[in-house]
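Notes follow the structure.
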Amino acid sequence: MTTAPAGRPGVLSALPGPGVADAAAPARADVEAAAVRIAGHVRRTPLLPGPGVLLKAEHLQYGGSFKLRGALNAVLALGARRIVAGSSGNHGIALARLAASLGAEVTVVLAGGAHPAKAALIAALGGRTVSVPGGVADRDRRARELAQETGAVLVPSSDHRLVAAGQGTVGLEVLSDAPDTGTVYVPTGGGGLLAGVCLAAQGHPVRVVGVEPACTPRYARSLAAGRPLRLGPSGTVADGLRGQQPGAVTYPVVRDRVDDMVAVSDAEILAAAALLRRCGVDAEPSGAVALAGALRAGRRRPAGRCVAIVSGGNTAAALAAAAAAAGRPAGG
């Protein structure tokens, strides 16, 4: 075990280098194909005025988060009818919604610390949930095992070519609606959204900045080390961004295109969420992380228009309403 300096998350292990993933890395063409595939099934979310930035309003997406884009692209492309996924909640909600509409079966593996109301909504939508102790790495390991045991299709929350491409359609819309964007701030957990935006930004001069919770800076530390690293489980308030390691598919994409990584504290995340609420945007903590990064940049922020992606709006109140609409009270 490698011991990290005091006050920094411990590195549990170094992961294999990205050589194999490089050969299979998705391209911008995959994002463009995803946009065609999912058109008509997702909402083209608006850019809203925010505190010094524009806000890409993915909290208004069907299912309450950007996760629907990647899940839909993968499920449609693979023709999946039995699905297994590891999720912190929003990816599972997206898959459960899709499964209900497609007549498919979905099993979602949740790690310790998953929001109970998100688990309740997955169940209310007809999905099966499996809880495992430990962190995201344990969750994803169990999801892989279940897929192998049952013959179901594994649809990861981020580390998949089709998922990352679908999530990248957020970036395509930003650059289409505001082509003069100078910087886009992207909340970063497993890295599917960040990798997707990096793909969408290929050939465009926009700066792409990933924003991670300070207690789990897996991409920043991996990029500094020159190889993917695995961190220990974290307890950040941004429950959707607790991934412990960069993905094998997503890491090479981020490595080759991202311009900067920013780390924000839980206090900064909660302050950004409160500021969004004052602007009429009801974001969950994970959805406020990109704005927290933009605010941290402050006066050092580069010139030009800035966009922060509000990645999700599945607050406790929103989850309760959605579960009630699906026929089961949240928490029940």
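By order in the structure tokens, chains are A, B, ...; within a chain, residues start at 1; ligands start at 1, following the order shown.
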(request) Find the spatial neighbours of Gln245 of chain A, counting only C-alpha atoms, within a cut-off of 6 Å - ignore same-chain residues fewer than 5 positions away - and output them as an NGL selection string. (result) :A and (218 or 229-230)
(request) as a PyMOL selection string, please: all residues of segment 83-138 of chain A that backbone DSSP puts in helix (DSSP H, G or I). (result) chain A and resi 90-102+116-124+136-138
Saved selection, atoms kept: N, CA and C atoms, as a CSV table (one decimal), in the first residue's frame:
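Just written: part01.csv:
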```csv
chain,number,residue,atom,x,y,z
A,90,ASN,N,-28.2,8.1,-9.8
A,90,ASN,CA,-28.8,8.7,-10.9
A,90,ASN,C,-28.7,7.8,-12.2
A,91,HIS,N,-27.6,7.1,-12.4
A,91,HIS,CA,-27.5,6.2,-13.5
A,91,HIS,C,-28.5,5.1,-13.3
A,92,GLY,N,-28.7,4.6,-12.1
A,92,GLY,CA,-29.7,3.5,-11.9
A,92,GLY,C,-31.1,4.0,-12.1
A,93,ILE,N,-31.4,5.3,-11.7
A,93,ILE,CA,-32.7,5.9,-12.0
A,93,ILE,C,-33.0,5.9,-13.5
A,94,ALA,N,-31.9,6.4,-14.3
A,94,ALA,CA,-32.1,6.5,-15.7
A,94,ALA,C,-32.3,5.1,-16.3
A,95,LEU,N,-31.6,4.1,-15.9
A,95,LEU,CA,-31.8,2.7,-16.4
A,95,LEU,C,-33.2,2.2,-16.1
A,96,ALA,N,-33.6,2.4,-14.8
A,96,ALA,CA,-34.9,1.9,-14.4
A,96,ALA,C,-36.0,2.5,-15.2
A,97,ARG,N,-35.9,3.8,-15.5
A,97,ARG,CA,-36.9,4.5,-16.4
A,97,ARG,C,-36.9,3.9,-17.8
A,98,LEU,N,-35.7,3.6,-18.3
A,98,LEU,CA,-35.6,3.0,-19.6
A,98,LEU,C,-36.2,1.6,-19.6
A,99,ALA,N,-35.8,0.8,-18.6
A,99,ALA,CA,-36.3,-0.6,-18.5
A,99,ALA,C,-37.8,-0.6,-18.5
A,100,ALA,N,-38.4,0.3,-17.7
A,100,ALA,CA,-39.8,0.3,-17.6
A,100,ALA,C,-40.5,0.5,-19.0
A,101,SER,N,-39.9,1.5,-19.8
A,101,SER,CA,-40.5,1.8,-21.1
A,101,SER,C,-40.2,0.8,-22.1
A,102,LEU,N,-39.1,0.0,-22.0
A,102,LEU,CA,-38.7,-0.9,-23.0
A,102,LEU,C,-39.1,-2.4,-22.6
A,116,PRO,N,-30.7,6.9,0.1
A,116,PRO,CA,-31.8,6.0,0.2
A,116,PRO,C,-33.0,6.3,-0.6
A,117,ALA,N,-33.2,7.6,-0.8
A,117,ALA,CA,-34.4,8.0,-1.7
A,117,ALA,C,-34.1,7.7,-3.1
A,118,LYS,N,-32.8,7.7,-3.6
A,118,LYS,CA,-32.5,7.3,-4.9
A,118,LYS,C,-32.8,5.8,-5.1
A,119,ALA,N,-32.4,5.0,-4.1
A,119,ALA,CA,-32.7,3.6,-4.1
A,119,ALA,C,-34.2,3.3,-4.2
A,120,ALA,N,-34.9,4.1,-3.4
A,120,ALA,CA,-36.4,3.9,-3.4
A,120,ALA,C,-37.0,4.2,-4.7
A,121,LEU,N,-36.5,5.3,-5.4
A,121,LEU,CA,-37.0,5.6,-6.7
A,121,LEU,C,-36.7,4.5,-7.7
A,122,ILE,N,-35.5,4.0,-7.7
A,122,ILE,CA,-35.2,2.9,-8.6
A,122,ILE,C,-36.2,1.7,-8.4
A,123,ALA,N,-36.5,1.4,-7.2
A,123,ALA,CA,-37.4,0.3,-6.9
A,123,ALA,C,-38.8,0.7,-7.3
A,124,ALA,N,-39.2,2.0,-7.1
A,124,ALA,CA,-40.5,2.4,-7.5
A,124,ALA,C,-40.7,2.3,-9.0
A,136,VAL,N,-17.3,2.5,-4.1
A,136,VAL,CA,-17.6,2.4,-5.5
A,136,VAL,C,-16.9,1.2,-6.2
A,137,ALA,N,-15.7,1.0,-5.8
A,137,ALA,CA,-14.9,-0.1,-6.4
A,137,ALA,C,-15.6,-1.5,-6.1
A,138,ASP,N,-16.0,-1.6,-4.9
A,138,ASP,CA,-16.7,-2.8,-4.4
A,138,ASP,C,-18.1,-3.0,-5.2
```
(message) With distances taken over only C-alpha atoms, which residue among A:Ala274, A:Ile309, A:Ser87, A:Val262 lies nearest Arg296 of chain A?
(response) A:Val262
(message) With DSSP run on the backbone, what are the strand (DSSP E or B) residues within segment 76-324 of chain A? I'd like them as a PyMOL selection string.
(response) chain A and resi 82-86+105-111+128-132+153-154+181-187+207-213+229-231+260-264+305-310+312
(request) For Arg128 of chain A, work out the shell of residues within 7 Å, counting only C-alpha atoms and skipping chain neighbours fewer than 5 positions away, then give it as a list in words. (result)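 Listed by chain and then number, they are Val106, Thr107, Val108 and Ala123 of chain A.
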Once you have the residues from the selection above, write them out as a tab-separated table (two decimals), in the first residue's frame, restricted to C-alpha atoms.
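Saved as out.tsv:
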```tsv
chain	number	residue	atom	x	y	z
A	106	VAL	CA	-32.57	-3.91	-14.60
A	107	THR	CA	-30.59	-4.67	-11.48
A	108	VAL	CA	-28.73	-1.77	-9.87
A	123	ALA	CA	-37.43	0.33	-6.89
```
(request) Would you list the contacts of segment 76-85 of chain A as a PyMOL selection string, taking every protein, DNA or RNA residue within 6 Å and counting only C-alpha atoms, but skipping same-chain residues closer than 6 positions in sequence? (result) chain A and resi 104-108+143+147+152-156
(message) Quick one: residues within 12 Å of Ala288 of chain A, only C-alpha atoms, excluding same-chain residues fewer than 3 positions away - as a PyMOL selection string?
(response) chain A and resi 50+55-59+185-188+211-213+237-241+264-277+281-285+291-295+308-315
Could you turn the residues from that selection into a file that holds N, CA and C atoms, as a short mmCIF file (atom, residue, chain, number, x, y, z; two decimals), in the first residue's frame?
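Result file follows (again_2.cif):
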```cif
data_model
loop_
_atom_site.label_atom_id
_atom_site.label_comp_id
_atom_site.auth_asym_id
_atom_site.auth_seq_id
_atom_site.Cartn_x
_atom_site.Cartn_y
_atom_site.Cartn_z
N GLY A 50 -26.60 32.43 -14.92
CA GLY A 50 -26.22 32.11 -13.54
C GLY A 50 -25.31 33.18 -12.98
N LEU A 55 -25.44 28.32 -17.11
CA LEU A 55 -25.68 27.03 -16.48
C LEU A 55 -26.31 26.08 -17.47
N LYS A 56 -25.65 24.98 -17.77
CA LYS A 56 -26.23 23.94 -18.62
C LYS A 56 -27.16 23.11 -17.74
N ALA A 57 -28.45 23.24 -17.99
CA ALA A 57 -29.47 22.81 -17.03
C ALA A 57 -29.84 21.33 -17.17
N GLU A 58 -28.90 20.44 -16.87
CA GLU A 58 -29.19 19.00 -16.94
C GLU A 58 -30.03 18.53 -15.77
N HIS A 59 -30.24 19.39 -14.77
CA HIS A 59 -31.18 19.05 -13.71
C HIS A 59 -32.60 18.98 -14.25
N TYR A 185 -16.99 24.08 -17.30
CA TYR A 185 -16.66 23.39 -16.05
C TYR A 185 -17.54 22.14 -15.94
N VAL A 186 -16.90 21.00 -15.69
CA VAL A 186 -17.58 19.71 -15.76
C VAL A 186 -17.43 18.96 -14.44
N PRO A 187 -18.53 18.61 -13.77
CA PRO A 187 -18.42 17.81 -12.55
C PRO A 187 -17.85 16.43 -12.88
N THR A 188 -16.97 15.94 -12.02
CA THR A 188 -16.22 14.73 -12.36
C THR A 188 -16.27 13.71 -11.24
N VAL A 211 -14.02 19.24 -12.47
CA VAL A 211 -14.14 19.66 -11.07
C VAL A 211 -14.47 18.44 -10.22
N GLU A 212 -13.60 18.17 -9.24
CA GLU A 212 -13.76 17.01 -8.37
C GLU A 212 -13.93 17.45 -6.91
N PRO A 213 -14.62 16.64 -6.10
CA PRO A 213 -14.61 16.88 -4.66
C PRO A 213 -13.18 16.75 -4.14
N VAL A 237 -20.16 15.06 0.30
CA VAL A 237 -21.58 15.39 0.23
C VAL A 237 -22.11 15.21 -1.18
N ALA A 238 -21.22 15.26 -2.18
CA ALA A 238 -21.60 15.03 -3.57
C ALA A 238 -21.67 13.52 -3.81
N ASP A 239 -22.80 12.92 -3.43
CA ASP A 239 -22.90 11.45 -3.41
C ASP A 239 -22.75 10.82 -4.78
N GLY A 240 -22.99 11.58 -5.84
CA GLY A 240 -22.85 11.02 -7.18
C GLY A 240 -21.43 11.04 -7.72
N LEU A 241 -20.49 11.62 -6.94
CA LEU A 241 -19.12 11.78 -7.43
C LEU A 241 -18.12 11.08 -6.52
N VAL A 264 -12.79 21.01 -5.11
CA VAL A 264 -13.63 21.88 -4.27
C VAL A 264 -14.05 21.13 -3.02
N SER A 265 -14.13 21.86 -1.93
CA SER A 265 -14.51 21.27 -0.64
C SER A 265 -16.02 21.07 -0.56
N ASP A 266 -16.43 20.27 0.42
CA ASP A 266 -17.86 20.09 0.65
C ASP A 266 -18.53 21.41 0.98
N ALA A 267 -17.85 22.27 1.73
CA ALA A 267 -18.42 23.58 2.07
C ALA A 267 -18.65 24.41 0.81
N GLU A 268 -17.72 24.36 -0.12
CA GLU A 268 -17.88 25.10 -1.38
C GLU A 268 -19.01 24.51 -2.21
N ILE A 269 -19.15 23.21 -2.18
CA ILE A 269 -20.23 22.56 -2.94
C ILE A 269 -21.59 22.97 -2.39
N LEU A 270 -21.74 22.94 -1.07
CA LEU A 270 -23.00 23.31 -0.45
C LEU A 270 -23.31 24.79 -0.67
N ALA A 271 -22.27 25.64 -0.64
CA ALA A 271 -22.48 27.07 -0.90
C ALA A 271 -22.94 27.29 -2.33
N ALA A 272 -22.36 26.54 -3.28
CA ALA A 272 -22.78 26.66 -4.68
C ALA A 272 -24.21 26.19 -4.87
N ALA A 273 -24.59 25.10 -4.17
CA ALA A 273 -25.97 24.61 -4.26
C ALA A 273 -26.95 25.65 -3.71
N ALA A 274 -26.57 26.31 -2.61
CA ALA A 274 -27.43 27.35 -2.04
C ALA A 274 -27.55 28.54 -2.99
N LEU A 275 -26.45 28.89 -3.64
CA LEU A 275 -26.48 29.99 -4.61
C LEU A 275 -27.38 29.64 -5.80
N LEU A 276 -27.31 28.40 -6.24
CA LEU A 276 -28.17 27.96 -7.34
C LEU A 276 -29.64 28.05 -6.94
N ARG A 277 -29.94 27.65 -5.72
CA ARG A 277 -31.33 27.73 -5.26
C ARG A 277 -31.83 29.18 -5.30
N VAL A 281 -32.58 27.45 -9.32
CA VAL A 281 -32.11 26.15 -9.83
C VAL A 281 -31.96 25.21 -8.65
N ASP A 282 -32.79 24.17 -8.59
CA ASP A 282 -32.78 23.24 -7.47
C ASP A 282 -31.86 22.07 -7.81
N ALA A 283 -30.59 22.22 -7.52
CA ALA A 283 -29.59 21.20 -7.85
C ALA A 283 -29.25 20.38 -6.62
N GLU A 284 -29.00 19.11 -6.81
CA GLU A 284 -28.43 18.29 -5.74
C GLU A 284 -26.96 18.67 -5.59
N PRO A 285 -26.30 18.28 -4.49
CA PRO A 285 -24.90 18.68 -4.31
C PRO A 285 -23.99 18.32 -5.47
N LEU A 291 -20.31 24.49 -10.69
CA LEU A 291 -20.39 25.90 -10.33
C LEU A 291 -19.41 26.22 -9.21
N ALA A 292 -19.27 25.31 -8.25
CA ALA A 292 -18.30 25.51 -7.18
C ALA A 292 -16.90 25.69 -7.76
N GLY A 293 -16.57 24.92 -8.79
CA GLY A 293 -15.27 25.06 -9.44
C GLY A 293 -15.12 26.39 -10.15
N ALA A 294 -16.18 26.83 -10.80
CA ALA A 294 -16.13 28.12 -11.49
C ALA A 294 -15.99 29.25 -10.48
N LEU A 295 -16.68 29.15 -9.35
CA LEU A 295 -16.57 30.17 -8.32
C LEU A 295 -15.18 30.18 -7.71
N ALA A 308 -21.05 26.31 -16.69
CA ALA A 308 -20.96 25.27 -15.67
C ALA A 308 -22.11 24.29 -15.87
N ILE A 309 -21.80 23.01 -15.91
CA ILE A 309 -22.83 22.00 -16.12
C ILE A 309 -23.48 21.65 -14.78
N VAL A 310 -24.78 21.92 -14.68
CA VAL A 310 -25.56 21.51 -13.51
C VAL A 310 -26.04 20.09 -13.82
N SER A 311 -25.33 19.11 -13.30
CA SER A 311 -25.49 17.74 -13.79
C SER A 311 -26.71 17.02 -13.26
N GLY A 312 -27.28 17.47 -12.14
CA GLY A 312 -28.43 16.75 -11.61
C GLY A 312 -29.24 17.57 -10.64
N GLY A 313 -30.53 17.24 -10.57
CA GLY A 313 -31.45 17.93 -9.67
C GLY A 313 -32.25 16.97 -8.81
N ASN A 314 -31.68 15.80 -8.53
CA ASN A 314 -32.40 14.81 -7.74
C ASN A 314 -32.21 15.06 -6.25
N THR A 315 -32.80 16.16 -5.80
CA THR A 315 -32.83 16.49 -4.38
C THR A 315 -33.83 15.57 -3.68
#
```
(message) My list of candidates is A:Thr236, A:Thr169, A:Thr181, A:Ser157. Which is closest to Arg43 of chain A when distances are computed with only C-alpha atoms?
(response)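 Of A:Thr236, A:Thr169, A:Thr181, A:Ser157, the one nearest Arg43 of chain A is A:Thr169, counting only C-alpha atoms.
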(request) For Ala25 of chain A, please output as number ranges by chain all residues within 12 Å (counting only C-alpha atoms; exclusion window: fewer than 3 positions along the same chain). (result) A: 18-22, 28-31, 159-162, 164-165, 195-196, 198-199, 247-256
(request) Compare A:Arg257, A:Arg221, A:Arg227, A:Arg242 by their minimum atom-to-atom distance to His204 of chain A, counting only C-alpha atoms, and give me the closest one. (result)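 Answer, going by the shortest atom-to-atom distance: A:Arg257.
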